Structures are given as C-alpha cells and as structure tokens.
file work19.tsv (TSV, C-alpha atoms and all ligand atoms)
chain	number	residue	atom	x	y	z
A	259	MET	CA	15.89	1.18	20.92
A	260	ALA	CA	13.19	1.21	18.24
A	261	GLU	CA	14.39	1.34	14.62
A	262	ARG	CA	13.88	4.50	12.57
A	263	LEU	CA	11.53	3.73	9.65
A	264	SER	CA	12.63	4.34	6.07
A	265	ALA	CA	10.70	6.84	3.92
A	266	GLU	CA	9.03	3.85	2.23
A	267	ALA	CA	8.00	2.27	5.52
A	268	ARG	CA	6.68	5.61	6.79
A	269	LYS	CA	4.62	6.00	3.65
A	270	SER	CA	3.01	2.58	3.92
A	271	ALA	CA	2.30	3.04	7.62
A	272	LEU	CA	0.69	6.45	6.90
A	273	ALA	CA	-1.51	4.85	4.23
A	274	GLU	CA	-3.24	3.04	7.10
A	275	LEU	CA	-3.55	6.12	9.29
A	276	PRO	CA	-6.26	8.39	7.88
A	277	GLY	CA	-5.69	12.06	8.74
A	278	TRP	CA	-1.99	11.61	9.56
A	279	SER	CA	0.74	12.98	7.31
A	280	GLU	CA	4.45	13.69	7.14
A	281	THR	CA	5.45	16.84	9.02
A	282	PRO	CA	7.08	19.25	6.59
A	283	GLY	CA	10.73	19.98	7.30
A	284	ARG	CA	11.40	17.16	9.74
A	285	GLU	CA	11.14	13.42	10.11
A	286	ALA	CA	7.89	13.17	12.02
A	287	ILE	CA	4.20	12.53	11.50
A	288	GLY	CA	1.30	14.70	12.53
A	289	ARG	CA	-2.40	15.18	12.68
A	290	THR	CA	-4.74	17.95	13.81
A	291	PHE	CA	-7.78	16.68	15.69
A	292	THR	CA	-10.87	18.89	15.93
A	293	PHE	CA	-13.34	18.09	18.68
A	294	LYS	CA	-16.78	19.42	19.61
A	295	ASP	CA	-15.46	21.71	22.33
A	296	PHE	CA	-12.61	22.19	24.79
A	297	ASN	CA	-13.98	19.55	27.15
A	298	GLU	CA	-13.75	16.87	24.45
A	299	ALA	CA	-10.30	18.04	23.35
A	300	PHE	CA	-8.97	17.92	26.89
A	301	GLY	CA	-10.64	14.55	27.48
A	302	PHE	CA	-8.78	13.26	24.44
A	303	MET	CA	-5.49	14.61	25.79
A	304	SER	CA	-6.07	13.02	29.20
A	305	ARG	CA	-6.73	9.61	27.67
A	306	ALA	CA	-3.81	9.90	25.23
A	307	ALA	CA	-1.49	11.01	28.05
A	308	LEU	CA	-2.20	7.77	29.95
A	309	VAL	CA	-1.30	5.69	26.88
A	310	ALA	CA	1.84	7.77	26.30
A	311	GLU	CA	3.02	7.41	29.87
A	312	LYS	CA	2.33	3.67	29.92
A	313	ASN	CA	4.46	3.21	26.78
A	314	ASP	CA	7.08	5.80	27.80
A	315	HIS	CA	6.53	7.46	24.45
A	316	HIS	CA	5.18	10.98	24.42
A	317	PRO	CA	3.55	13.32	21.90
A	318	GLU	CA	4.51	16.88	21.01
A	319	TRP	CA	1.18	18.62	20.98
A	320	LYS	CA	-0.60	21.93	21.16
A	321	ASN	CA	-4.18	22.58	22.21
A	322	VAL	CA	-6.14	25.64	21.13
A	323	TYR	CA	-9.76	25.49	22.32
A	324	LYS	CA	-11.22	22.43	20.55
A	325	THR	CA	-8.24	21.51	18.35
A	326	VAL	CA	-5.24	19.41	19.27
A	327	GLU	CA	-2.24	19.50	16.93
A	328	VAL	CA	-0.06	16.43	17.39
A	329	VAL	CA	3.45	15.70	16.11
A	330	LEU	CA	5.06	12.32	16.76
A	331	ALA	CA	8.72	11.42	16.43
A	332	THR	CA	11.19	9.27	18.31
A	333	HIS	CA	13.83	11.73	19.44
A	334	ASP	CA	16.29	9.01	20.46
A	335	ALA	CA	16.11	7.53	16.94
A	336	GLY	CA	16.03	10.83	15.02
A	337	GLY	CA	12.88	9.95	13.10
A	338	VAL	CA	9.68	7.94	13.06
A	339	THR	CA	9.60	4.46	14.60
A	340	ARG	CA	7.00	1.80	15.28
A	341	LEU	CA	6.40	3.55	18.64
A	342	ASP	CA	5.07	6.62	16.81
A	343	ILE	CA	2.87	4.54	14.52
A	344	ASP	CA	1.45	2.69	17.53
A	345	LEU	CA	0.77	5.96	19.39
A	346	ALA	CA	-0.85	7.47	16.28
A	347	LYS	CA	-3.15	4.44	16.05
A	348	ALA	CA	-4.03	4.69	19.73
A	349	MET	CA	-4.75	8.43	19.43
A	350	SER	CA	-6.97	7.89	16.39
A	351	ALA	CA	-8.88	5.19	18.27
A	352	ILE	CA	-9.41	7.47	21.28
A	353	ALA	CA	-10.63	10.28	18.99
A	354	ARG	CA	-13.05	7.85	17.32
A	355	GLN	CA	-14.45	6.93	20.74
A	356	LEU	CA	-15.10	10.65	21.23
A	357	GLY	CA	-16.97	10.89	17.95
A	358	VAL	CA	-14.16	12.21	15.72
A	359	PRO	CA	-13.74	9.99	12.64
B	1	LIG	C1	14.38	8.17	28.88
B	1	LIG	C2	13.08	8.01	28.12
B	1	LIG	O1	12.80	6.67	27.88
B	1	LIG	C3	13.14	8.72	26.79
B	1	LIG	O2	13.47	10.06	26.99
B	1	LIG	C4	11.85	8.60	26.00
B	1	LIG	C5	10.66	9.26	26.64
B	1	LIG	N1	9.62	9.58	25.69
B	1	LIG	C6	9.89	9.75	24.39
B	1	LIG	N2	8.94	10.15	23.56
B	1	LIG	C7	9.19	10.37	22.28
B	1	LIG	N3	8.20	10.77	21.47
B	1	LIG	N4	10.41	10.19	21.78
B	1	LIG	C8	11.43	9.76	22.52
B	1	LIG	O3	12.54	9.59	22.03
B	1	LIG	C9	11.19	9.53	23.90
B	1	LIG	N5	12.12	9.08	24.70
call {"tool": "encode", "arguments": {"input": "work19.tsv", "output": "structure tokens", "more": "lines below"}}
Ligand SMILES: C[C@H](O)[C@H](O)[C@H]1CNC2=NC(N)=NC(=O)C2=N1
result
Amino acid sequence: MAERLSAEARKSALAELPGWSETPGREAIGRTFTFKDFNEAFGFMSRAALVAEKNDHHPEWKNVYKTVEVVLATHDAGGVTRLDIDLAKAMSAIARQLGVP
C-alpha cells in the first residue's frame, strides 16, 4: 500500500501543484476546475476517469454545470499518498489540454 505523506511532504508536493490545496477538516487535497461549459467539464471528467481506472485510484468529485470540484485522498491509507499527487498532476495536465491553466 502507498505510504501516507507527512504534513511537510504534502506541503512540498502542493507547492508544485498550482490551484490545489489542503481540504479543510480532513487529510486530503482538492481543487475546483472551471471550464468553458458543461461539455468541456464532462470531457475532463471522462479523460480523468480513464486515468483513475487505469491506476485503480479514484477521485471524489462533484460537477455543477462547468465546474468540477475534486477531492483526493487514499482511503486505505487514511490520508494523502503519492497516488493522490500523481492523480492531481494528471488532472491538471488534462485541464491544461482543455485550455484551463
Ligand atoms: C480495492 C481497491 O484497490 C481500493 O478500494 C482502491 C480503489 N480506489 C481508491 N481510490 C482512492 N482515492 N483511494 C483508495 O483508497 C482507493 N482504493
């Protein structure tokens, strides 16, 4: 199983993930993505879902029209692991491809 990151390690990983931050009240990281419209938001979710399934590591997320609110944690580990950081990076890269910096 992946190792839960310390607060320090989470902080330094987040420093390299623009837009991502600690989720208040729990050990997790999150970001809200805002796209041009619903089509782009759902396109993002489709692409991210394929990455998540391939890695057997899945987001908690909520879509309202053109926004997607994402929270990442490793439930098995009770916190944030490298798997969450990797998924956050992949999600940011997909969003960039769709024109969201
Ligand atoms: C059995 C299976 O590998 C686990 O349930 C996986 C699936 N996807 C997961 N996704 C996330 N985000 N956290 C987990 O702990 C997790 N566990």
call {"tool": "residues_near_point", "arguments": {"input": "work19.tsv", "point": "(5.9, 12.8, 16.8)", "cutoff": "12 Å", "atoms": "only C-alpha atoms", "output": "count of residues only"}}
result
37
call {"tool": "residues_around", "arguments": {"input": "work19.tsv", "residues": "range 323-326 of chain A", "least_positions_apart": "4", "cutoff": "6 Å", "atoms": "all atoms listed in the file", "output": "compact mmCIF listing (two decimals) with C-alpha atoms, in the coordinates of the input"}}
result
# COMPACT_ATOMS: atom_id res chain seq x y z
CA THR A 290 -4.74 17.95 13.81
CA PHE A 291 -7.78 16.68 15.69
CA THR A 292 -10.87 18.89 15.93
CA PHE A 293 -13.34 18.09 18.68
CA ASP A 295 -15.46 21.71 22.33
CA PHE A 296 -12.61 22.19 24.79
CA ALA A 299 -10.30 18.04 23.35
call {"tool": "closest_residue", "arguments": {"input": "work19.tsv", "among": "A:Met303, A:Leu308, A:Ala265, A:Ala260", "to": "Val322 in chain A", "atoms": "only C-alpha atoms"}}
result
A:Met303
call {"tool": "axis_aligned_box", "arguments": {"input": "work19.tsv", "around": "ligand LIG 1 (chain B)", "padding_each_side": "5 Å", "output": "lines of an AutoDock Vina configuration file"}}
result
center_x = 11.3
center_y = 8.7
center_z = 25.2
size_x = 16.2
size_y = 14.1
size_z = 17.4
call {"tool": "closest_residue", "arguments": {"input": "work19.tsv", "among": "A:Ser304, A:Leu275, A:Ser264, A:Ser270", "to": "Pro359 in chain A", "atoms": "all atoms listed in the file"}}
result
A:Leu275
call {"tool": "closest_residue", "arguments": {"input": "work19.tsv", "among": "A:Val309, A:Ile352, A:Ala267, A:Ala273", "to": "ligand LIG 1 (chain B)", "atoms": "only C-alpha atoms and all ligand atoms"}}
result
A:Val309
call {"tool": "closest_residue", "arguments": {"input": "work19.tsv", "among": "A:Lys294, A:Arg305, A:Lys269, A:Lys312", "to": "ligand LIG 1 (chain B)", "atoms": "all atoms listed in the file"}}
result
A:Lys312
call {"tool": "closest_residue", "arguments": {"input": "work19.tsv", "among": "A:Phe302, A:Glu266, A:Ala353, A:Met259", "to": "ligand LIG 1 (chain B)", "atoms": "all atoms listed in the file"}}
result
A:Met259
call {"tool": "closest_residue", "arguments": {"input": "work19.tsv", "among": "A:Pro276, A:Phe300, A:Pro282, A:Glu311", "to": "Ala351 in chain A", "atoms": "all atoms listed in the file"}}
result
A:Pro276
call {"tool": "atom_distance", "arguments": {"input": "work19.tsv", "atom1": "CA of Leu356 in chain A", "atom2": "CA of Lys320 in chain A"}}
result
18.4 Å
call {"tool": "atom_distance", "arguments": {"input": "work19.tsv", "atom1": "atom O3 of ligand LIG 1 (chain B)", "atom2": "CA of Asp314 in chain A"}}
result
8.8 Å
call {"tool": "atom_distance", "arguments": {"input": "work19.tsv", "atom1": "CA of Gly357 in chain A", "atom2": "atom N3 of ligand LIG 1 (chain B)"}}
result
25.4 Å
call {"tool": "build_atoms", "arguments": {"input": "work19.tsv", "residues": "range 316-335 of chain A", "atoms": "N, CA, C and O atoms", "output": "compact mmCIF listing (two decimals), keeping the file's coordinate frame"}}
result
# COMPACT_ATOMS: atom_id res chain seq x y z
N HIS A 316 6.00 9.80 24.16
CA HIS A 316 5.18 10.98 24.42
C HIS A 316 5.00 11.86 23.18
O HIS A 316 5.93 12.03 22.40
N PRO A 317 3.80 12.45 23.05
CA PRO A 317 3.55 13.32 21.90
C PRO A 317 4.11 14.73 22.10
O PRO A 317 4.28 15.19 23.23
N GLU A 318 4.35 15.42 20.99
CA GLU A 318 4.51 16.88 21.01
C GLU A 318 3.13 17.34 20.59
O GLU A 318 2.59 16.88 19.58
N TRP A 319 2.53 18.21 21.34
CA TRP A 319 1.18 18.62 20.98
C TRP A 319 0.86 20.01 21.48
O TRP A 319 1.49 20.53 22.39
N LYS A 320 -0.17 20.58 20.83
CA LYS A 320 -0.60 21.93 21.16
C LYS A 320 -2.11 21.95 21.11
O LYS A 320 -2.72 21.46 20.15
N ASN A 321 -2.72 22.48 22.14
CA ASN A 321 -4.18 22.58 22.21
C ASN A 321 -4.60 24.04 22.11
O ASN A 321 -4.09 24.89 22.82
N VAL A 322 -5.48 24.33 21.18
CA VAL A 322 -6.14 25.64 21.13
C VAL A 322 -7.64 25.37 21.09
O VAL A 322 -8.13 24.79 20.11
N TYR A 323 -8.33 25.72 22.17
CA TYR A 323 -9.76 25.49 22.32
C TYR A 323 -10.13 24.04 21.98
O TYR A 323 -9.83 23.13 22.76
N LYS A 324 -10.74 23.80 20.82
CA LYS A 324 -11.22 22.43 20.55
C LYS A 324 -10.31 21.67 19.58
O LYS A 324 -10.68 20.59 19.13
N THR A 325 -9.17 22.24 19.23
CA THR A 325 -8.24 21.51 18.35
C THR A 325 -7.01 21.06 19.12
O THR A 325 -6.56 21.74 20.05
N VAL A 326 -6.50 19.91 18.73
CA VAL A 326 -5.24 19.41 19.27
C VAL A 326 -4.34 19.05 18.10
O VAL A 326 -4.68 18.19 17.28
N GLU A 327 -3.22 19.75 17.99
CA GLU A 327 -2.24 19.50 16.93
C GLU A 327 -1.18 18.57 17.50
O GLU A 327 -0.53 18.91 18.49
N VAL A 328 -1.00 17.43 16.86
CA VAL A 328 -0.06 16.43 17.39
C VAL A 328 1.08 16.20 16.41
O VAL A 328 0.85 16.11 15.19
N VAL A 329 2.29 16.12 16.91
CA VAL A 329 3.45 15.70 16.11
C VAL A 329 4.12 14.56 16.86
O VAL A 329 4.34 14.65 18.08
N LEU A 330 4.42 13.49 16.14
CA LEU A 330 5.06 12.32 16.76
C LEU A 330 6.39 12.02 16.09
O LEU A 330 6.48 11.95 14.85
N ALA A 331 7.40 11.86 16.90
CA ALA A 331 8.72 11.42 16.43
C ALA A 331 9.41 10.72 17.59
O ALA A 331 9.05 10.93 18.75
N THR A 332 10.39 9.91 17.26
CA THR A 332 11.19 9.27 18.31
C THR A 332 12.51 10.00 18.37
O THR A 332 13.35 9.87 17.48
N HIS A 333 12.67 10.84 19.38
CA HIS A 333 13.83 11.73 19.44
C HIS A 333 15.11 10.91 19.51
O HIS A 333 16.09 11.24 18.82
N ASP A 334 15.10 9.87 20.30
CA ASP A 334 16.29 9.01 20.46
C ASP A 334 16.75 8.44 19.12
O ASP A 334 17.94 8.21 18.91
N ALA A 335 15.78 8.19 18.21
CA ALA A 335 16.11 7.53 16.94
C ALA A 335 16.26 8.54 15.80
O ALA A 335 16.68 8.19 14.70
